[in-house]
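Text of the file entry_5.csv, holding CSV, C-alpha atoms:
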chain,number,residue,atom,x,y,z
A,1,MET,CA,-14.1,11.6,7.6
A,2,ILE,CA,-11.2,9.2,7.1
A,3,PRO,CA,-11.6,7.1,4.0
A,4,LEU,CA,-11.3,3.3,4.3
A,5,ILE,CA,-8.2,3.1,2.1
A,6,PRO,CA,-5.3,3.8,4.4
A,7,ILE,CA,-2.5,4.0,1.7
A,8,GLY,CA,-1.9,7.7,1.1
A,9,GLN,CA,-3.4,8.9,4.4
A,10,TYR,CA,-1.5,10.5,7.2
A,11,MET,CA,-2.5,10.4,10.8
A,12,ALA,CA,-0.6,12.9,12.9
A,13,GLY,CA,1.1,11.5,16.1
A,14,SER,CA,4.3,11.3,18.1
A,15,SER,CA,4.9,7.6,18.2
A,16,TYR,CA,8.2,5.9,17.6
A,17,LEU,CA,7.4,5.4,14.0
A,18,HIS,CA,6.1,9.0,13.5
A,19,ARG,CA,9.5,10.3,14.8
A,20,ARG,CA,11.6,8.2,12.5
A,21,ASP,CA,13.4,9.7,9.5
A,22,PRO,CA,11.3,9.2,6.3
A,23,ARG,CA,14.4,7.9,4.6
A,24,ALA,CA,14.8,5.2,7.3
A,25,LYS,CA,11.1,4.3,7.0
A,26,PHE,CA,11.2,4.1,3.2
A,27,ILE,CA,14.3,1.9,3.2
A,28,GLY,CA,12.9,-0.3,6.0
A,29,THR,CA,9.6,-0.7,4.2
A,30,VAL,CA,11.3,-1.8,0.9
A,31,ILE,CA,13.4,-4.3,2.8
A,32,PHE,CA,10.4,-5.5,4.7
A,33,LEU,CA,8.4,-6.0,1.5
A,34,PHE,CA,11.2,-8.3,0.2
A,35,LEU,CA,11.1,-10.2,3.5
A,36,VAL,CA,7.4,-10.9,3.0
A,37,PHE,CA,8.2,-12.7,-0.2
A,38,LEU,CA,11.1,-14.5,1.4
A,39,ALA,CA,8.9,-16.0,4.1
A,40,ASN,CA,8.0,-19.3,2.6
A,41,THR,CA,7.2,-21.3,5.8
A,42,PRO,CA,4.5,-20.9,8.4
A,43,LEU,CA,7.1,-20.0,11.0
A,44,ALA,CA,8.7,-17.3,8.8
A,45,LEU,CA,5.3,-15.9,7.8
A,46,GLY,CA,4.3,-15.9,11.5
A,47,ILE,CA,7.5,-13.9,12.3
A,48,VAL,CA,6.6,-11.4,9.6
A,49,ALA,CA,3.0,-11.1,10.8
A,50,GLY,CA,4.3,-10.6,14.4
A,51,ALA,CA,6.6,-7.8,13.2
A,52,VAL,CA,3.7,-6.1,11.4
A,53,LEU,CA,1.5,-6.4,14.5
A,54,LEU,CA,4.3,-4.9,16.6
A,55,GLY,CA,4.7,-2.1,14.0
A,56,ILE,CA,1.0,-1.3,14.3
A,57,LEU,CA,1.2,-1.2,18.1
A,58,VAL,CA,4.3,1.0,18.1
A,59,SER,CA,2.7,3.4,15.5
A,60,GLY,CA,-0.2,4.2,17.7
A,61,ILE,CA,-2.6,3.6,14.8
A,62,PRO,CA,-5.8,1.8,16.0
A,63,ILE,CA,-5.7,-1.9,15.0
A,64,SER,CA,-9.4,-1.7,14.3
A,65,TYR,CA,-8.9,1.0,11.7
A,66,ILE,CA,-6.1,-1.0,10.0
A,67,PHE,CA,-8.2,-4.1,9.6
A,68,ARG,CA,-11.4,-2.2,8.8
A,69,SER,CA,-9.5,-0.6,5.9
A,70,LEU,CA,-8.9,-4.0,4.4
A,71,LYS,CA,-12.7,-4.5,3.7
A,72,PRO,CA,-12.6,-2.8,0.3
A,73,VAL,CA,-10.0,-5.3,-1.0
A,74,LEU,CA,-11.4,-8.3,0.8
A,75,TRP,CA,-13.0,-9.6,-2.4
A,76,LEU,CA,-9.7,-9.4,-4.1
A,77,LEU,CA,-8.0,-11.4,-1.3
A,78,ILE,CA,-10.8,-14.0,-1.5
A,79,LEU,CA,-10.5,-14.2,-5.3
A,80,THR,CA,-6.8,-14.6,-5.1
A,81,ALA,CA,-7.0,-17.5,-2.6
A,82,PHE,CA,-9.9,-19.1,-4.6
A,83,ILE,CA,-7.8,-19.1,-7.8
A,84,GLN,CA,-4.9,-20.7,-6.1
A,85,VAL,CA,-7.0,-23.4,-4.5
A,86,LEU,CA,-8.6,-24.4,-7.8
A,87,THR,CA,-5.6,-24.2,-10.1
A,88,LEU,CA,-2.7,-25.5,-8.1
A,89,LYS,CA,-2.6,-29.3,-8.1
A,90,LYS,CA,0.1,-30.2,-5.6
A,91,GLY,CA,0.1,-32.4,-2.5
A,92,GLU,CA,-2.6,-34.6,-1.2
A,93,LEU,CA,-6.1,-34.6,-2.7
A,94,LEU,CA,-8.5,-33.2,-0.1
A,95,LEU,CA,-11.8,-32.8,-1.8
A,96,THR,CA,-13.5,-33.4,-5.2
A,97,ILE,CA,-16.6,-31.4,-6.2
A,98,GLY,CA,-17.7,-32.5,-9.7
A,99,PRO,CA,-14.9,-31.4,-12.1
A,100,LEU,CA,-13.1,-29.4,-9.4
A,101,SER,CA,-10.3,-31.0,-7.3
A,102,ILE,CA,-8.9,-29.3,-4.2
A,103,TYR,CA,-5.4,-30.2,-3.2
A,104,GLU,CA,-3.4,-29.6,0.0
A,105,GLY,CA,-0.8,-27.6,-1.9
A,106,GLY,CA,-3.4,-25.3,-3.4
A,107,VAL,CA,-5.0,-24.6,-0.1
A,108,LYS,CA,-1.6,-23.9,1.5
A,109,GLU,CA,-0.5,-21.6,-1.3
A,110,GLY,CA,-3.9,-19.8,-1.3
A,111,VAL,CA,-3.5,-19.0,2.4
A,112,PHE,CA,0.2,-18.0,2.0
A,113,ILE,CA,-0.6,-15.5,-0.9
A,114,THR,CA,-3.6,-14.0,0.9
A,115,VAL,CA,-1.5,-13.4,4.1
A,116,ARG,CA,1.3,-12.0,2.0
A,117,VAL,CA,-0.9,-9.5,0.2
A,118,THR,CA,-2.5,-8.5,3.5
A,119,LEU,CA,0.9,-7.9,5.1
A,120,LEU,CA,2.1,-6.0,2.1
A,121,MET,CA,-0.9,-3.7,2.2
A,122,ILE,CA,-0.5,-3.1,6.0
A,123,SER,CA,3.3,-2.4,5.7
A,124,ALA,CA,2.8,0.1,2.9
A,125,SER,CA,-0.1,1.7,4.9
A,126,LEU,CA,2.1,2.2,8.0
A,127,LEU,CA,4.6,4.1,5.9
A,128,THR,CA,2.1,6.7,4.7
A,129,LEU,CA,0.0,6.7,7.9
A,130,THR,CA,3.1,7.7,10.0
A,131,THR,CA,4.8,10.0,7.4
A,132,SER,CA,3.5,13.4,6.2
A,133,PRO,CA,3.5,13.9,2.4
A,134,ILE,CA,6.0,16.7,2.7
A,135,ARG,CA,8.5,14.7,4.7
A,136,LEU,CA,8.0,11.7,2.5
A,137,THR,CA,8.7,13.8,-0.6
A,138,ASP,CA,11.9,15.2,1.0
A,139,GLY,CA,13.0,11.8,2.1
A,140,LEU,CA,12.5,10.3,-1.4
A,141,GLU,CA,14.3,13.2,-3.0
A,142,ASN,CA,17.2,12.8,-0.7
A,143,LEU,CA,17.5,9.1,-1.4
A,144,PHE,CA,17.4,9.8,-5.2
A,145,SER,CA,19.9,12.7,-5.0
A,146,PRO,CA,23.0,10.5,-5.7
A,147,LEU,CA,21.5,9.9,-9.2
A,148,LYS,CA,21.4,13.6,-10.1
A,149,PRO,CA,24.8,13.5,-11.9
A,150,PHE,CA,23.2,11.0,-14.3
A,151,ARG,CA,20.4,13.6,-15.0
A,152,PHE,CA,17.9,11.7,-12.9
A,153,PRO,CA,15.0,14.0,-12.0
A,154,ALA,CA,15.1,13.2,-8.3
A,155,HIS,CA,12.8,16.0,-7.1
A,156,GLU,CA,10.2,15.5,-9.8
A,157,ILE,CA,10.1,11.7,-9.3
A,158,ALA,CA,9.8,12.1,-5.5
A,159,LEU,CA,7.0,14.6,-6.0
A,160,MET,CA,5.1,12.3,-8.4
A,161,ILE,CA,5.3,9.4,-6.0
A,162,SER,CA,4.1,11.5,-3.1
A,163,ILE,CA,1.2,13.0,-5.1
A,164,SER,CA,0.2,9.6,-6.5
A,165,LEU,CA,0.1,8.1,-2.9
A,166,ARG,CA,-1.9,11.1,-1.7
A,167,PHE,CA,-4.4,10.8,-4.5
A,168,ILE,CA,-5.3,7.1,-3.8
A,169,PRO,CA,-7.8,8.0,-1.0
A,170,THR,CA,-9.0,11.0,-2.9
A,171,LEU,CA,-9.9,9.0,-5.9
A,172,TRP,CA,-11.5,6.4,-3.7
A,173,GLU,CA,-13.7,9.0,-2.2
A,174,GLU,CA,-14.6,10.3,-5.6
A,175,ALA,CA,-15.4,6.8,-6.8
A,176,ASP,CA,-17.7,6.2,-3.8
A,177,ARG,CA,-19.4,9.6,-4.4
A,178,ILE,CA,-20.0,8.8,-8.1
A,179,LYS,CA,-21.2,5.3,-7.3
A,180,LYS,CA,-23.8,6.6,-4.8
A,181,ALA,CA,-24.9,9.2,-7.4
A,182,GLN,CA,-25.4,6.5,-10.0
A,183,MET,CA,-27.2,4.2,-7.6
A,184,SER,CA,-29.6,7.0,-6.8
A,185,ARG,CA,-30.4,7.1,-10.6
A,186,GLY,CA,-31.2,3.4,-10.6
A,187,ALA,CA,-27.8,1.8,-11.4
A,188,ASN,CA,-27.3,-1.6,-9.9
A,189,PHE,CA,-23.7,-2.8,-9.5
A,190,SER,CA,-24.3,-6.1,-7.8
A,191,THR,CA,-27.3,-7.8,-9.4
A,192,GLY,CA,-28.8,-8.1,-12.9
A,193,PRO,CA,-27.5,-9.4,-16.2
A,194,LEU,CA,-23.7,-9.2,-16.7
A,195,GLN,CA,-23.9,-6.9,-19.7
A,196,LYS,CA,-26.1,-4.4,-17.7
A,197,ARG,CA,-23.8,-4.5,-14.8
A,198,LEU,CA,-20.8,-3.8,-17.0
A,199,ASN,CA,-22.6,-0.8,-18.5
A,200,HIS,CA,-23.2,0.5,-15.0
A,201,ILE,CA,-19.6,0.0,-14.1
A,202,LEU,CA,-18.7,1.9,-17.2
A,203,SER,CA,-20.9,4.8,-16.0
A,204,LEU,CA,-18.7,4.8,-12.9
A,205,ILE,CA,-15.3,4.6,-14.6
A,206,VAL,CA,-15.8,7.3,-17.2
A,207,PRO,CA,-16.7,10.2,-14.8
A,208,LEU,CA,-14.0,9.0,-12.5
A,209,PHE,CA,-11.4,9.4,-15.2
A,210,VAL,CA,-12.8,12.8,-16.2
A,211,GLN,CA,-12.6,14.0,-12.6
A,212,SER,CA,-9.1,12.6,-12.2
A,213,PHE,CA,-7.9,14.6,-15.3
A,214,LYS,CA,-9.7,17.7,-14.0
A,215,ARG,CA,-8.0,17.4,-10.6
A,216,ALA,CA,-4.6,17.0,-12.2
A,217,GLU,CA,-5.2,20.0,-14.4
A,218,GLU,CA,-6.3,22.1,-11.4
A,219,MET,CA,-3.2,21.0,-9.4
A,220,ALA,CA,-0.9,21.9,-12.3
A,221,LEU,CA,-2.4,25.4,-12.7
A,222,ALA,CA,-2.2,25.9,-8.9
A,223,MET,CA,1.5,24.9,-8.9
A,224,GLU,CA,2.3,27.2,-11.8
A,225,ALA,CA,0.4,30.1,-10.2
A,226,ARG,CA,2.6,29.7,-7.1
A,227,GLY,CA,5.8,29.8,-9.2
A,228,TYR,CA,6.7,26.2,-9.1
A,229,ARG,CA,9.5,25.5,-11.6
A,230,GLY,CA,11.0,22.2,-10.3
A,231,GLY,CA,13.5,21.4,-7.6
A,232,GLU,CA,16.3,23.8,-8.7
A,233,GLY,CA,16.9,26.5,-6.1
A,234,ARG,CA,14.3,25.3,-3.7
A,235,THR,CA,15.0,25.4,0.1
A,236,ARG,CA,13.3,23.6,3.0
A,237,TYR,CA,11.9,24.9,6.2
A,238,ARG,CA,12.6,21.6,8.0
A,239,ARG,CA,15.7,19.6,7.4
A,240,LEU,CA,16.0,15.9,7.7
A,241,GLU,CA,18.1,14.6,10.6
A,242,TRP,CA,19.3,10.9,10.8
A,243,ARG,CA,19.4,9.9,14.4
A,244,LEU,CA,20.4,6.8,16.4
A,245,GLY,CA,16.8,5.6,16.5
A,246,ASP,CA,16.7,5.5,12.7
A,247,THR,CA,19.8,3.3,12.6
A,248,LEU,CA,18.3,1.0,15.3
A,249,PHE,CA,15.0,0.9,13.3
A,250,LEU,CA,16.9,-0.5,10.3
A,251,VAL,CA,19.0,-2.8,12.4
A,252,ILE,CA,15.8,-4.4,13.9
A,253,ILE,CA,14.4,-5.0,10.4
A,254,LEU,CA,17.7,-6.5,9.2
A,255,LEU,CA,17.7,-8.8,12.3
A,256,ILE,CA,14.2,-9.9,11.4
A,257,GLY,CA,15.4,-10.6,7.9
A,258,GLY,CA,18.3,-12.7,9.2
A,259,ILE,CA,15.9,-14.7,11.3
A,260,ILE,CA,13.6,-15.3,8.3
A,261,LEU,CA,16.6,-16.3,6.2
A,262,ALA,CA,17.7,-18.7,8.9
A,263,THR,CA,14.2,-20.4,8.9
A,264,ARG,CA,14.6,-21.2,5.2
A,265,TYR,CA,17.4,-23.6,6.1
A,266,LEU,CA,15.8,-25.2,9.2
Please lay out the structure from this file as structure tokens.
Amino acid sequence: MIPLIPIGQYMAGSSYLHRRDPRAKFIGTVIFLFLVFLANTPLALGIVAGAVLLGILVSGIPISYIFRSLKPVLWLLILTAFIQVLTLKKGELLLTIGPLSIYEGGVKEGVFITVRVTLLMISASLLTLTTSPIRLTDGLENLFSPLKPFRFPAHEIALMISISLRFIPTLWEEADRIKKAQMSRGANFSTGPLQKRLNHILSLIVPLFVQSFKRAEEMALAMEARGYRGGEGRTRYRRLEWRLGDTLFLVIILLIGGIILATRYL
């Protein structure tokens, strides 16, 4: 069963994005994340959203799965927009409800930030959904390798990032399992006094941390048992190959970036 959180998951396939070099996808994702923040007009944000939608179609990942996976963070998106609407006092006054005043600038900024966070999550999800953990680790290590003369632990950092991404859905499953177990014992996370709900949430967080440390220890023991001693002397069964399609992939993203920069001066 695929967890709802897509970041850290990998869905095997042979689409255009699946075939791209992990280095190209990582560089392209970083550039694209900057473009999301550069988009400060409805036109620019629409271009970014269109590019993300095109990426979803090209990846072969079901659109329904991508948007269904946003449900767990929907409350965070709503809360972010709500805070912006209530705190930002810019533009024309639209509505007054008691001591609360809603301005046009607050509504606009709330929509912009919500869309930006959504696009950021989908972009990061596409990277992990179309790249296996092994290839992602190899790609990151290769990108960090120029820093090795400065004693930068390229292999270790790449491995840590890859394991961290992989553990996101695992921890989510663990949290869901613990939550259901606590609810079967009478815990209520949505209703009741605030103090009681906080105690119930604490009963969820503590065992989750314990399980996280236990999983980390088990992984460390398993790696030691298999003779893992870092990246020195390690070889790879599959070698990364940069192809023309990878260059074109980055060129397309840079072109989108140029268009977005041009819209800032229109």
Centre and edge lengths of an axis-aligned box around all listed atoms of range 121-125 of chain A, with 4 Å added on each side, are to be given in Å to one decimal, as JSON.
{"center_x": 1.2, "center_y": -1.0, "center_z": 4.1, "size_x": 12.2, "size_y": 13.4, "size_z": 11.8}
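Closest approach to Gly139 in chain A from the set A:Ile161, A:Lys89, A:Val210, A:Gln84 is made by A:Ile161, with distances taken over only C-alpha atoms.
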Just checking: using all atoms listed in the file, which residue out of A:Leu57, A:Glu241, A:Phe67, A:Val107 ends up closest to Ala81 in chain A? A:Val107
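The space between CA of Glu104 in chain A and CA of Lys90 in chain A spans 6.6 Å.
Pairwise distance (CA of Thr130 in chain A, CA of His18 in chain A) equals 4.8 Å.
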Excluding Lys179 in chain A and any residue of its chain fewer than 4 positions from it, enumerate the residues within 12 Å of it, using all atoms listed in the file, and give them as a PyMOL selection string. chain A and resi 171-175+183-190+200-208
Take the selection from the previous step and output its residues with C-alpha atoms, as a PDB file, keeping the file's coordinate frame.
ATOM      1  CA  LEU A 171      -9.900   9.000  -5.900  1.00  0.00           C
ATOM      2  CA  TRP A 172     -11.500   6.400  -3.700  1.00  0.00           C
ATOM      3  CA  GLU A 173     -13.700   9.000  -2.200  1.00  0.00           C
ATOM      4  CA  GLU A 174     -14.600  10.300  -5.600  1.00  0.00           C
ATOM      5  CA  ALA A 175     -15.400   6.800  -6.800  1.00  0.00           C
ATOM      6  CA  MET A 183     -27.200   4.200  -7.600  1.00  0.00           C
ATOM      7  CA  SER A 184     -29.600   7.000  -6.800  1.00  0.00           C
ATOM      8  CA  ARG A 185     -30.400   7.100 -10.600  1.00  0.00           C
ATOM      9  CA  GLY A 186     -31.200   3.400 -10.600  1.00  0.00           C
ATOM     10  CA  ALA A 187     -27.800   1.800 -11.400  1.00  0.00           C
ATOM     11  CA  ASN A 188     -27.300  -1.600  -9.900  1.00  0.00           C
ATOM     12  CA  PHE A 189     -23.700  -2.800  -9.500  1.00  0.00           C
ATOM     13  CA  SER A 190     -24.300  -6.100  -7.800  1.00  0.00           C
ATOM     14  CA  HIS A 200     -23.200   0.500 -15.000  1.00  0.00           C
ATOM     15  CA  ILE A 201     -19.600   0.000 -14.100  1.00  0.00           C
ATOM     16  CA  LEU A 202     -18.700   1.900 -17.200  1.00  0.00           C
ATOM     17  CA  SER A 203     -20.900   4.800 -16.000  1.00  0.00           C
ATOM     18  CA  LEU A 204     -18.700   4.800 -12.900  1.00  0.00           C
ATOM     19  CA  ILE A 205     -15.300   4.600 -14.600  1.00  0.00           C
ATOM     20  CA  VAL A 206     -15.800   7.300 -17.200  1.00  0.00           C
ATOM     21  CA  PRO A 207     -16.700  10.200 -14.800  1.00  0.00           C
ATOM     22  CA  LEU A 208     -14.000   9.000 -12.500  1.00  0.00           C
TER      23      LEU A 208
END
Distance query range 33-46 of chain A at most 8 Å, only C-alpha atoms, self and fewer than 3 positions along chain excluded, as number ranges by chain: A: 29-30, 49-50, 112, 116, 119-120, 123, 257, 260-261, 263-264
Just the number, please: distance in Å from CA of Met11 in chain A to CA of Thr131 in chain A, one decimal. 8.1 Å
Proximity to Phe213 in chain A - best of A:Ile113, A:Leu86, A:Thr247, A:Phe167, only C-alpha atoms: A:Phe167
Quick one: everything within 12 Å of range 163-165 of chain A, counting all atoms listed in the file, minus sequence neighbours fewer than 4 positions away in the same chain. Send it as a VMD selection string. chain A and resid 5 to 10 124 to 125 127 to 129 131 to 134 136 to 137 156 to 159 169 to 172 212 215 to 216 219 to 220
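Of the residues under consideration (A:Met223, A:Leu126, A:Leu198, A:Ile256), A:Leu126 shows the shortest atom-to-atom contact distance to Pro62 in chain A when counting all atoms listed in the file.
Nearest residue to Ser162 in chain A, choosing from A:Lys148, A:Arg135, A:Lys180, A:Lys196 and counting all atoms listed in the file: A:Arg135.
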At most 12 Å from (1.5, 2.4, 19.1), file frame, all atoms listed in the file: which residues, as a ChimeraX atom specification? /A:13-18,52-63,126,130
Which polymer residues have any atom within 8 Å of an atom of Thr114 in chain A, counting only C-alpha atoms, with same-chain residues fewer than 5 positions away left out, as a count of residues only? 4
